[in-house]
file work.csv (CSV, C-alpha atoms)
chain,number,residue,atom,x,y,z
A,1,MET,CA,-7.0,69.9,-1.4
A,2,GLU,CA,-4.3,72.6,-1.8
A,3,THR,CA,-7.0,75.1,-2.9
A,4,THR,CA,-9.0,74.3,0.3
A,5,ASN,CA,-6.0,74.8,2.5
A,6,VAL,CA,-5.2,78.1,0.8
A,7,THR,CA,-8.8,79.2,1.3
A,8,ARG,CA,-8.7,78.3,5.0
A,9,ALA,CA,-5.4,80.1,5.5
A,10,GLY,CA,-6.8,83.2,3.8
A,11,SER,CA,-9.9,83.1,6.0
A,12,MET,CA,-7.7,82.7,9.1
A,13,ARG,CA,-5.6,85.7,8.1
A,14,LYS,CA,-8.7,87.8,7.5
A,15,ARG,CA,-10.0,87.0,11.0
A,16,VAL,CA,-6.7,87.7,12.6
A,17,GLY,CA,-6.5,90.9,10.7
A,18,VAL,CA,-9.9,92.0,11.9
A,19,GLY,CA,-8.9,91.1,15.5
A,20,VAL,CA,-5.7,93.1,15.2
A,21,ALA,CA,-7.7,96.1,13.8
A,22,VAL,CA,-10.1,96.0,16.8
A,23,VAL,CA,-7.2,95.9,19.3
A,24,VAL,CA,-5.6,98.9,17.6
A,25,VAL,CA,-8.8,100.9,17.7
A,26,LEU,CA,-9.3,100.0,21.4
A,27,ALA,CA,-5.7,101.0,22.1
A,28,VAL,CA,-6.2,104.4,20.4
A,29,LEU,CA,-9.4,104.9,22.5
A,30,VAL,CA,-7.4,104.1,25.7
A,31,ALA,CA,-4.6,106.5,24.7
A,32,LEU,CA,-7.1,109.3,24.0
A,33,SER,CA,-8.9,108.7,27.4
A,34,GLY,CA,-5.9,110.2,29.2
A,35,VAL,CA,-5.2,107.2,31.4
A,36,SER,CA,-1.9,107.3,33.3
A,37,TRP,CA,0.0,104.1,32.8
A,38,ARG,CA,2.4,105.3,35.6
A,39,GLY,CA,-0.6,105.6,37.9
A,40,ILE,CA,-1.7,102.1,37.0
A,41,PHE,CA,1.8,100.7,37.6
A,42,LEU,CA,2.0,102.4,41.0
A,43,GLU,CA,-1.4,100.9,41.9
A,44,LEU,CA,-0.2,97.4,40.9
A,45,GLN,CA,3.0,97.9,43.0
A,46,THR,CA,0.8,98.0,46.2
A,47,MET,CA,-1.0,94.8,45.3
A,48,ASP,CA,-1.4,92.2,48.0
A,49,PRO,CA,0.0,88.9,46.6
A,50,VAL,CA,-2.1,86.7,48.9
A,51,LEU,CA,-5.3,88.2,47.4
A,52,LEU,CA,-3.9,87.6,43.9
A,53,VAL,CA,-3.3,83.9,44.7
A,54,VAL,CA,-6.8,83.6,46.0
A,55,ALA,CA,-8.2,85.2,42.9
A,56,LEU,CA,-6.2,82.8,40.7
A,57,VAL,CA,-7.7,79.8,42.7
A,58,ALA,CA,-11.2,81.2,42.3
A,59,SER,CA,-10.8,81.6,38.6
A,60,LEU,CA,-9.6,78.0,38.3
A,61,LEU,CA,-12.4,76.7,40.5
A,62,ALA,CA,-15.0,78.5,38.3
A,63,GLN,CA,-13.8,76.5,35.3
A,64,LEU,CA,-14.0,73.3,37.3
A,65,ALA,CA,-17.5,74.1,38.4
A,66,TRP,CA,-18.6,74.7,34.7
A,67,SER,CA,-16.8,71.4,33.8
A,68,SER,CA,-18.9,69.7,36.4
A,69,SER,CA,-22.0,70.9,34.6
A,70,THR,CA,-20.7,69.5,31.3
A,71,LEU,CA,-19.8,66.2,33.1
A,72,LEU,CA,-23.4,65.7,34.3
A,73,PHE,CA,-24.8,66.0,30.8
A,74,LEU,CA,-22.0,63.8,29.3
A,75,ARG,CA,-22.9,61.1,31.7
A,76,THR,CA,-26.4,60.9,30.3
A,77,VAL,CA,-24.6,59.7,27.1
A,78,ASP,CA,-21.9,57.6,28.7
A,79,PRO,CA,-22.1,57.0,32.5
A,80,ALA,CA,-18.5,55.8,32.5
A,81,VAL,CA,-16.8,59.0,31.3
A,82,SER,CA,-13.8,59.9,33.4
A,83,THR,CA,-14.2,63.0,35.7
A,84,GLY,CA,-10.5,63.9,35.3
A,85,ARG,CA,-10.5,63.6,31.5
A,86,VAL,CA,-13.6,65.7,31.3
A,87,ARG,CA,-12.0,68.4,33.4
A,88,LEU,CA,-8.8,68.4,31.4
A,89,GLY,CA,-10.8,68.4,28.2
A,90,TYR,CA,-12.9,71.4,29.4
A,91,LEU,CA,-9.7,73.3,30.3
A,92,THR,CA,-8.3,72.5,26.8
A,93,GLY,CA,-11.6,73.7,25.2
A,94,THR,CA,-11.4,76.9,27.2
A,95,PHE,CA,-7.9,77.4,26.0
A,96,ALA,CA,-9.0,77.1,22.4
A,97,LYS,CA,-11.9,79.5,23.0
A,98,GLN,CA,-9.6,82.0,24.6
A,99,ILE,CA,-6.7,81.9,22.1
A,100,LEU,CA,-8.5,81.7,18.8
A,101,PRO,CA,-10.2,84.7,17.2
A,102,PHE,CA,-14.0,84.2,17.3
A,103,GLY,CA,-13.2,81.3,19.7
A,104,HIS,CA,-16.1,82.0,22.0
A,105,ALA,CA,-18.5,82.2,19.0
A,106,GLY,CA,-17.5,78.6,18.1
A,107,GLY,CA,-17.0,77.4,21.7
A,108,VAL,CA,-19.5,74.6,21.6
A,109,PRO,CA,-18.0,72.8,18.5
A,110,LEU,CA,-14.5,73.3,19.9
A,111,MET,CA,-15.4,71.9,23.3
A,112,ALA,CA,-17.4,69.0,21.8
A,113,TYR,CA,-14.5,68.1,19.5
A,114,VAL,CA,-11.9,68.0,22.3
A,115,LEU,CA,-14.1,65.9,24.6
A,116,ALA,CA,-15.3,63.5,21.8
A,117,GLU,CA,-11.7,62.9,20.6
A,118,GLU,CA,-10.3,62.5,24.1
A,119,MET,CA,-12.9,60.0,25.4
A,120,ASP,CA,-13.7,58.4,22.1
A,121,LEU,CA,-17.3,59.5,22.1
A,122,ASP,CA,-19.6,60.1,19.2
A,123,TYR,CA,-19.2,63.7,18.2
A,124,ARG,CA,-23.0,64.3,17.7
A,125,ASP,CA,-23.8,63.0,21.1
A,126,THR,CA,-21.1,65.0,22.7
A,127,PHE,CA,-22.1,68.1,20.8
A,128,ALA,CA,-25.7,67.8,22.1
A,129,SER,CA,-24.5,67.4,25.7
A,130,VAL,CA,-22.1,70.3,25.5
A,131,THR,CA,-24.9,72.4,23.9
A,132,ALA,CA,-27.1,71.6,26.9
A,133,SER,CA,-24.3,72.5,29.3
A,134,GLU,CA,-23.5,75.8,27.6
A,135,LEU,CA,-27.1,76.7,27.5
A,136,VAL,CA,-27.4,76.2,31.3
A,137,VAL,CA,-24.2,78.2,31.8
A,138,PHE,CA,-25.6,81.0,29.7
A,139,VAL,CA,-28.8,81.0,31.6
A,140,ALA,CA,-26.9,81.1,34.8
A,141,SER,CA,-25.0,84.2,33.6
A,142,LEU,CA,-28.3,86.0,33.1
A,143,ALA,CA,-29.5,85.0,36.5
A,144,VAL,CA,-26.3,86.1,38.3
A,145,ALA,CA,-26.2,89.4,36.3
A,146,GLY,CA,-29.9,90.1,37.1
A,147,LEU,CA,-29.3,89.3,40.8
A,148,GLY,CA,-26.2,91.5,40.9
A,149,PHE,CA,-28.0,94.4,39.2
A,150,GLY,CA,-31.0,94.2,41.5
A,151,TRP,CA,-28.7,94.0,44.6
A,152,PHE,CA,-26.5,96.9,43.4
A,153,ALA,CA,-29.5,99.1,42.6
A,154,VAL,CA,-31.0,98.6,46.0
A,155,ALA,CA,-27.8,98.8,48.0
A,156,ASP,CA,-26.6,101.9,46.1
A,157,GLY,CA,-29.8,103.8,46.7
A,158,VAL,CA,-30.7,104.0,43.0
A,159,ALA,CA,-33.9,102.2,44.0
A,160,SER,CA,-35.4,100.7,47.0
A,161,GLY,CA,-37.7,97.8,48.0
A,162,THR,CA,-38.0,94.3,46.9
A,163,GLU,CA,-40.1,95.3,43.9
A,164,LEU,CA,-37.0,96.1,41.8
A,165,VAL,CA,-35.3,92.8,42.7
A,166,ALA,CA,-38.5,91.0,41.8
A,167,LEU,CA,-38.8,92.9,38.6
A,168,GLY,CA,-35.2,92.0,37.7
A,169,LEU,CA,-35.7,88.3,38.5
A,170,VAL,CA,-38.9,88.3,36.4
A,171,GLY,CA,-36.9,89.8,33.5
A,172,VAL,CA,-34.2,87.2,33.8
A,173,LEU,CA,-36.8,84.4,34.0
A,174,ALA,CA,-38.5,85.8,30.9
A,175,LEU,CA,-35.2,85.8,29.0
A,176,VAL,CA,-34.5,82.3,30.1
A,177,ALA,CA,-37.9,81.1,29.0
A,178,LEU,CA,-37.5,82.8,25.6
A,179,ALA,CA,-34.0,81.2,25.2
A,180,ILE,CA,-35.2,77.7,26.1
A,181,ALA,CA,-38.4,78.0,24.1
A,182,GLY,CA,-36.7,79.3,21.1
A,183,PHE,CA,-34.1,76.5,21.1
A,184,VAL,CA,-36.1,73.5,22.3
A,185,LYS,CA,-39.7,74.2,21.2
A,186,ARG,CA,-39.3,75.9,17.9
A,187,ARG,CA,-37.4,73.0,16.3
A,188,THR,CA,-39.1,73.4,12.9
A,189,ALA,CA,-37.5,76.8,12.4
A,190,PHE,CA,-34.2,75.4,13.7
A,191,ARG,CA,-34.4,72.5,11.2
A,192,ARG,CA,-35.1,74.9,8.4
A,193,LEU,CA,-32.1,77.0,9.3
A,194,VAL,CA,-29.7,74.0,9.4
A,195,HIS,CA,-31.1,72.7,6.1
A,196,GLY,CA,-30.6,76.2,4.6
A,197,ILE,CA,-27.0,76.2,5.8
A,198,ALA,CA,-26.4,72.7,4.4
A,199,LEU,CA,-27.8,73.9,1.0
A,200,VAL,CA,-25.4,76.8,0.9
A,201,GLY,CA,-22.6,74.3,1.9
A,202,ARG,CA,-23.5,72.0,-0.9
A,203,THR,CA,-23.3,74.9,-3.4
A,204,VAL,CA,-20.1,76.4,-2.1
A,205,PHE,CA,-18.2,73.1,-1.6
A,206,ARG,CA,-19.5,71.5,-4.8
A,207,ARG,CA,-16.0,70.3,-5.7
A,208,ALA,CA,-14.9,69.3,-2.2
A,209,GLY,CA,-15.5,65.7,-2.8
A,210,PRO,CA,-18.3,63.1,-2.5
A,211,ARG,CA,-17.8,62.5,1.2
A,212,LEU,CA,-18.6,66.1,2.2
A,213,GLN,CA,-21.4,66.3,-0.3
A,214,HIS,CA,-22.9,63.1,1.2
A,215,ARG,CA,-22.8,64.6,4.7
A,216,LEU,CA,-24.7,67.7,3.5
A,217,THR,CA,-27.5,65.9,1.7
A,218,PRO,CA,-31.0,66.6,3.1
A,219,GLU,CA,-31.4,63.0,4.3
A,220,ALA,CA,-28.0,63.0,6.1
A,221,VAL,CA,-28.7,66.4,7.7
A,222,GLU,CA,-32.2,65.2,8.9
A,223,ARG,CA,-30.7,62.1,10.4
A,224,GLY,CA,-28.1,64.2,12.2
A,225,LEU,CA,-30.7,66.6,13.6
A,226,ASP,CA,-32.8,63.7,14.8
A,227,GLU,CA,-29.8,62.2,16.6
A,228,PHE,CA,-28.9,65.6,18.0
A,229,PHE,CA,-32.4,66.3,19.5
A,230,SER,CA,-32.7,62.8,20.8
A,231,THR,CA,-29.4,63.2,22.7
A,232,PHE,CA,-30.4,66.7,23.8
A,233,ASP,CA,-33.7,65.5,25.1
A,234,ARG,CA,-32.0,62.6,27.0
A,235,ALA,CA,-29.4,65.0,28.5
A,236,THR,CA,-32.1,67.4,29.7
A,237,GLY,CA,-34.8,64.9,30.5
A,238,ASP,CA,-33.8,64.4,34.1
A,239,ARG,CA,-34.8,67.5,36.2
A,240,ARG,CA,-32.3,66.6,38.9
A,241,THR,CA,-29.5,66.6,36.4
A,242,VAL,CA,-30.6,70.0,35.1
A,243,VAL,CA,-30.9,71.5,38.6
A,244,ARG,CA,-27.5,70.1,39.6
A,245,ALA,CA,-25.9,71.4,36.4
A,246,ALA,CA,-27.6,74.8,36.9
A,247,THR,CA,-26.2,75.0,40.5
A,248,PHE,CA,-22.7,74.3,39.3
A,249,ALA,CA,-23.1,76.9,36.6
A,250,VAL,CA,-24.3,79.6,39.1
A,251,VAL,CA,-21.5,78.8,41.5
A,252,GLY,CA,-19.1,79.0,38.6
A,253,TRP,CA,-20.2,82.5,37.7
A,254,VAL,CA,-19.9,83.7,41.3
A,255,LEU,CA,-16.4,82.3,41.5
A,256,PHE,CA,-15.5,83.8,38.1
A,257,ALA,CA,-16.6,87.2,39.3
A,258,LEU,CA,-14.6,87.0,42.6
A,259,PRO,CA,-11.2,87.8,40.9
A,260,LEU,CA,-12.5,91.3,40.0
A,261,TYR,CA,-13.6,91.9,43.6
A,262,LEU,CA,-10.4,90.5,45.0
A,263,GLY,CA,-8.4,92.5,42.5
A,264,SER,CA,-10.0,95.7,43.7
A,265,LEU,CA,-9.1,94.7,47.3
A,266,ALA,CA,-5.6,93.9,46.2
A,267,VAL,CA,-5.0,97.4,45.0
A,268,GLY,CA,-6.7,99.0,48.1
A,269,GLN,CA,-10.2,99.7,46.7
A,270,SER,CA,-13.2,97.6,47.6
A,271,LEU,CA,-15.7,97.3,44.8
A,272,PRO,CA,-19.3,96.4,45.7
A,273,LEU,CA,-19.7,92.7,45.3
A,274,ALA,CA,-23.2,93.3,43.8
A,275,LEU,CA,-21.6,95.4,41.1
A,276,VAL,CA,-19.0,92.7,40.4
A,277,LEU,CA,-21.7,90.0,40.0
A,278,PHE,CA,-23.4,92.3,37.5
A,279,VAL,CA,-20.5,93.5,35.3
A,280,VAL,CA,-18.5,90.3,35.0
A,281,PRO,CA,-21.3,88.2,33.3
A,282,ALA,CA,-22.3,91.3,31.2
A,283,ALA,CA,-18.7,91.7,30.1
A,284,GLY,CA,-19.0,88.3,28.5
A,285,LEU,CA,-20.5,90.1,25.4
A,286,ALA,CA,-17.0,91.5,24.8
A,287,THR,CA,-15.7,87.9,24.1
A,288,LEU,CA,-17.7,87.9,20.9
A,289,LEU,CA,-15.3,90.5,19.5
A,290,PRO,CA,-13.0,89.1,16.8
A,291,THR,CA,-10.1,89.1,19.2
A,292,PRO,CA,-8.7,86.2,21.3
A,293,GLY,CA,-10.9,86.0,24.4
A,294,GLY,CA,-12.3,89.5,23.8
A,295,LEU,CA,-8.8,90.9,24.4
A,296,GLY,CA,-8.9,94.6,24.6
A,297,GLY,CA,-12.7,95.0,24.6
A,298,THR,CA,-13.2,93.3,27.9
A,299,GLU,CA,-10.5,95.5,29.6
A,300,VAL,CA,-11.9,98.7,28.2
A,301,GLY,CA,-15.6,97.8,28.8
A,302,LEU,CA,-15.0,96.6,32.4
A,303,THR,CA,-12.9,99.6,33.3
A,304,ALA,CA,-15.5,102.0,31.9
A,305,ALA,CA,-18.3,100.2,33.8
A,306,VAL,CA,-16.4,100.3,37.1
A,307,VAL,CA,-15.5,103.9,36.8
A,308,PHE,CA,-19.0,104.9,35.8
A,309,LEU,CA,-21.0,102.8,38.3
A,310,ALA,CA,-18.6,102.7,41.3
A,311,GLU,CA,-17.2,106.2,40.9
A,312,VAL,CA,-13.6,104.8,41.2
A,313,GLY,CA,-10.5,106.5,39.9
A,314,LEU,CA,-9.5,105.5,36.4
A,315,GLU,CA,-6.1,104.2,37.3
A,316,THR,CA,-7.4,102.2,40.3
A,317,ALA,CA,-10.2,100.7,38.2
A,318,ALA,CA,-7.8,99.8,35.4
A,319,ALA,CA,-5.4,98.2,37.9
A,320,ALA,CA,-8.3,96.1,39.4
A,321,VAL,CA,-9.4,95.0,35.9
A,322,LEU,CA,-5.9,94.1,34.9
A,323,VAL,CA,-5.6,91.8,38.0
A,324,TYR,CA,-8.9,90.3,37.0
A,325,ARG,CA,-7.8,89.6,33.4
A,326,VAL,CA,-4.5,88.1,34.6
A,327,CYS,CA,-6.6,85.6,36.6
A,328,SER,CA,-9.5,85.1,34.2
A,329,TYR,CA,-7.6,85.1,30.9
A,330,TRP,CA,-3.8,84.8,31.0
A,331,PHE,CA,-3.8,82.3,33.9
A,332,LEU,CA,-6.4,80.2,32.2
A,333,LEU,CA,-4.4,80.3,29.0
A,334,LEU,CA,-1.4,78.8,30.9
A,335,VAL,CA,-3.5,76.1,32.6
A,336,GLY,CA,-5.4,75.3,29.4
A,337,GLY,CA,-2.2,75.1,27.4
A,338,LEU,CA,-0.8,72.6,29.9
A,339,SER,CA,-4.0,70.6,29.7
A,340,SER,CA,-3.7,70.7,25.9
A,341,LEU,CA,-0.2,69.4,26.0
A,342,PHE,CA,-1.2,66.6,28.4
A,343,LEU,CA,-4.0,65.5,26.1
A,344,SER,CA,-1.9,66.1,23.0
A,345,VAL,CA,-4.4,68.4,21.4
A,346,GLY,CA,-2.6,71.1,19.5
A,347,LEU,CA,-3.8,74.4,17.9
A,348,ARG,CA,-3.6,72.8,14.5
A,349,GLU,CA,-6.4,70.3,15.3
A,350,LEU,CA,-8.4,73.0,17.3
A,351,ARG,CA,-8.4,75.3,14.3
call {"tool": "encode", "arguments": {"input": "work.csv", "output": "structure tokens"}}
result
Amino acid sequence: METTNVTRAGSMRKRVGVGVAVVVVLAVLVALSGVSWRGIFLELQTMDPVLLVVALVASLLAQLAWSSSTLLFLRTVDPAVSTGRVRLGYLTGTFAKQILPFGHAGGVPLMAYVLAEEMDLDYRDTFASVTASELVVFVASLAVAGLGFGWFAVADGVASGTELVALGLVGVLALVALAIAGFVKRRTAFRRLVHGIALVGRTVFRRAGPRLQHRLTPEAVERGLDEFFSTFDRATGDRRTVVRAATFAVVGWVLFALPLYLGSLAVGQSLPLALVLFVVPAAGLATLLPTPGGLGGTEVGLTAAVVFLAEVGLETAAAAVLVYRVCSYWFLLLVGGLSSLFLSVGLRELR
């Protein structure tokens, strides 16, 4: 047991070390870009506090919209799940994803763990429901980004006509179809992948004890996969549930993009709403960096995109992005941390 704890601690230190290294590299890049921190501070001094409050509310409402998507799928497992508990659990899971290195990469297991523990649900059923919800939210991000890109391209004069918008929507639908087909239809390949991971686990954790070895046997893994797909099919079997969940997911992405738009208004610069709808979902890729919540990468990437696409001054763009990150990251950390305390779910358990 002591050896396992030492190994886990070493792994955590390595991940934190990689995250710190990434932040340092990004900080050096920002320093070399010639950005004026005094200019950014002056921009922030002119910020409209009312718009900041509205942006904070929009960011929180986005999380509640996504939690509604998760709630719909969880109710296919247990119709009696508490709405309030699911929302608090979702905010706690978001807190874990934001604060832990690689948190977004492991977002589904973290969210499923919090919800299963809080409402005394079977973890496998919860995991399948959360997977369905996160898949819908991911597809919604593609749809919103595609719509935003098409709208921006037409409105900005880069292209004209409905053909470009139609082409963008077709591209989004194709990506959606590939994602769903790859996950739902090609289950044989998915099963082989899971069995391969279990085989590696049995080899690596040979001395971890009979309980873990039993969980990684081919028979146990196959039973787990059968239960997972059964719950996933039940969660996604009702088209009305999927459509309602997708609607909440799209609304969530629109609300989550608003703080960047409102942040630009707060510092006296109106960014195109179409551009905001495109760059915010696209910036989600930065959350896969080995830093908490994509810290550093999101700020640099969003600022560069705004400067390049909207032809806004560097200091103004950076100020708008900082307002957005206060709403979409730091504010959510505060709310999620309070939810975690209310549910008595600490970082030790989340790790």
call {"tool": "atom_distance", "arguments": {"input": "work.csv", "atom1": "CA of Leu309 (chain A)", "atom2": "CA of Val321 (chain A)"}}
result
14.2 Å
call {"tool": "residues_around", "arguments": {"input": "work.csv", "residues": "Gly263 (chain A)", "least_positions_apart": "4", "cutoff": "6 Å", "atoms": "all atoms listed in the file", "output": "list in words"}}
result
Pro259, Ala320, Val323 and Tyr324 of chain A
call {"tool": "closest_residue", "arguments": {"input": "work.csv", "among": "A:Met111, A:Val326, A:Val250, A:Met119", "to": "Ser69 (chain A)", "atoms": "all atoms listed in the file"}}
result
A:Val250
call {"tool": "atom_distance", "arguments": {"input": "work.csv", "atom1": "CA of Asp238 (chain A)", "atom2": "CA of Phe127 (chain A)"}}
result
18.1 Å
call {"tool": "closest_residue", "arguments": {"input": "work.csv", "among": "A:Ala65, A:Leu341, A:Val243, A:Ala319", "to": "Phe256 (chain A)", "atoms": "all atoms listed in the file"}}
result
A:Ala65
call {"tool": "residues_near_point", "arguments": {"input": "work.csv", "point": "(-20.5, 59.2, 19.7)", "cutoff": "12 Å", "atoms": "only C-alpha atoms", "output": "list in words"}}
result
Leu74, Val77, Asp78, Ala112, Tyr113, Leu115, Ala116, Glu117, Glu118, Met119, Asp120, Leu121, Asp122, Tyr123, Arg124, Asp125, Thr126, Phe127, Ala128, Ser129, Gly224, Glu227, Phe228 and Thr231 of chain A
call {"tool": "residues_around", "arguments": {"input": "work.csv", "residues": "Phe73 (chain A)", "least_positions_apart": "5", "cutoff": "12 Å", "atoms": "all atoms listed in the file", "output": "PDB file with C-alpha atoms, in the frame of the given file"}}
result
ATOM      1  CA  TRP A  66     -18.600  74.700  34.700  1.00  0.00           C
ATOM      2  CA  SER A  67     -16.800  71.400  33.800  1.00  0.00           C
ATOM      3  CA  SER A  68     -18.900  69.700  36.400  1.00  0.00           C
ATOM      4  CA  ASP A  78     -21.900  57.600  28.700  1.00  0.00           C
ATOM      5  CA  PRO A  79     -22.100  57.000  32.500  1.00  0.00           C
ATOM      6  CA  VAL A  81     -16.800  59.000  31.300  1.00  0.00           C
ATOM      7  CA  VAL A  86     -13.600  65.700  31.300  1.00  0.00           C
ATOM      8  CA  ASP A 125     -23.800  63.000  21.100  1.00  0.00           C
ATOM      9  CA  THR A 126     -21.100  65.000  22.700  1.00  0.00           C
ATOM     10  CA  PHE A 127     -22.100  68.100  20.800  1.00  0.00           C
ATOM     11  CA  ALA A 128     -25.700  67.800  22.100  1.00  0.00           C
ATOM     12  CA  SER A 129     -24.500  67.400  25.700  1.00  0.00           C
ATOM     13  CA  VAL A 130     -22.100  70.300  25.500  1.00  0.00           C
ATOM     14  CA  THR A 131     -24.900  72.400  23.900  1.00  0.00           C
ATOM     15  CA  ALA A 132     -27.100  71.600  26.900  1.00  0.00           C
ATOM     16  CA  SER A 133     -24.300  72.500  29.300  1.00  0.00           C
ATOM     17  CA  GLU A 134     -23.500  75.800  27.600  1.00  0.00           C
ATOM     18  CA  LEU A 135     -27.100  76.700  27.500  1.00  0.00           C
ATOM     19  CA  VAL A 136     -27.400  76.200  31.300  1.00  0.00           C
ATOM     20  CA  THR A 231     -29.400  63.200  22.700  1.00  0.00           C
ATOM     21  CA  PHE A 232     -30.400  66.700  23.800  1.00  0.00           C
ATOM     22  CA  ASP A 233     -33.700  65.500  25.100  1.00  0.00           C
ATOM     23  CA  ARG A 234     -32.000  62.600  27.000  1.00  0.00           C
ATOM     24  CA  ALA A 235     -29.400  65.000  28.500  1.00  0.00           C
ATOM     25  CA  THR A 236     -32.100  67.400  29.700  1.00  0.00           C
ATOM     26  CA  GLY A 237     -34.800  64.900  30.500  1.00  0.00           C
ATOM     27  CA  ASP A 238     -33.800  64.400  34.100  1.00  0.00           C
ATOM     28  CA  ARG A 239     -34.800  67.500  36.200  1.00  0.00           C
ATOM     29  CA  ARG A 240     -32.300  66.600  38.900  1.00  0.00           C
ATOM     30  CA  THR A 241     -29.500  66.600  36.400  1.00  0.00           C
ATOM     31  CA  VAL A 242     -30.600  70.000  35.100  1.00  0.00           C
ATOM     32  CA  VAL A 243     -30.900  71.500  38.600  1.00  0.00           C
ATOM     33  CA  ARG A 244     -27.500  70.100  39.600  1.00  0.00           C
ATOM     34  CA  ALA A 245     -25.900  71.400  36.400  1.00  0.00           C
ATOM     35  CA  ALA A 246     -27.600  74.800  36.900  1.00  0.00           C
TER      36      ALA A 246
END
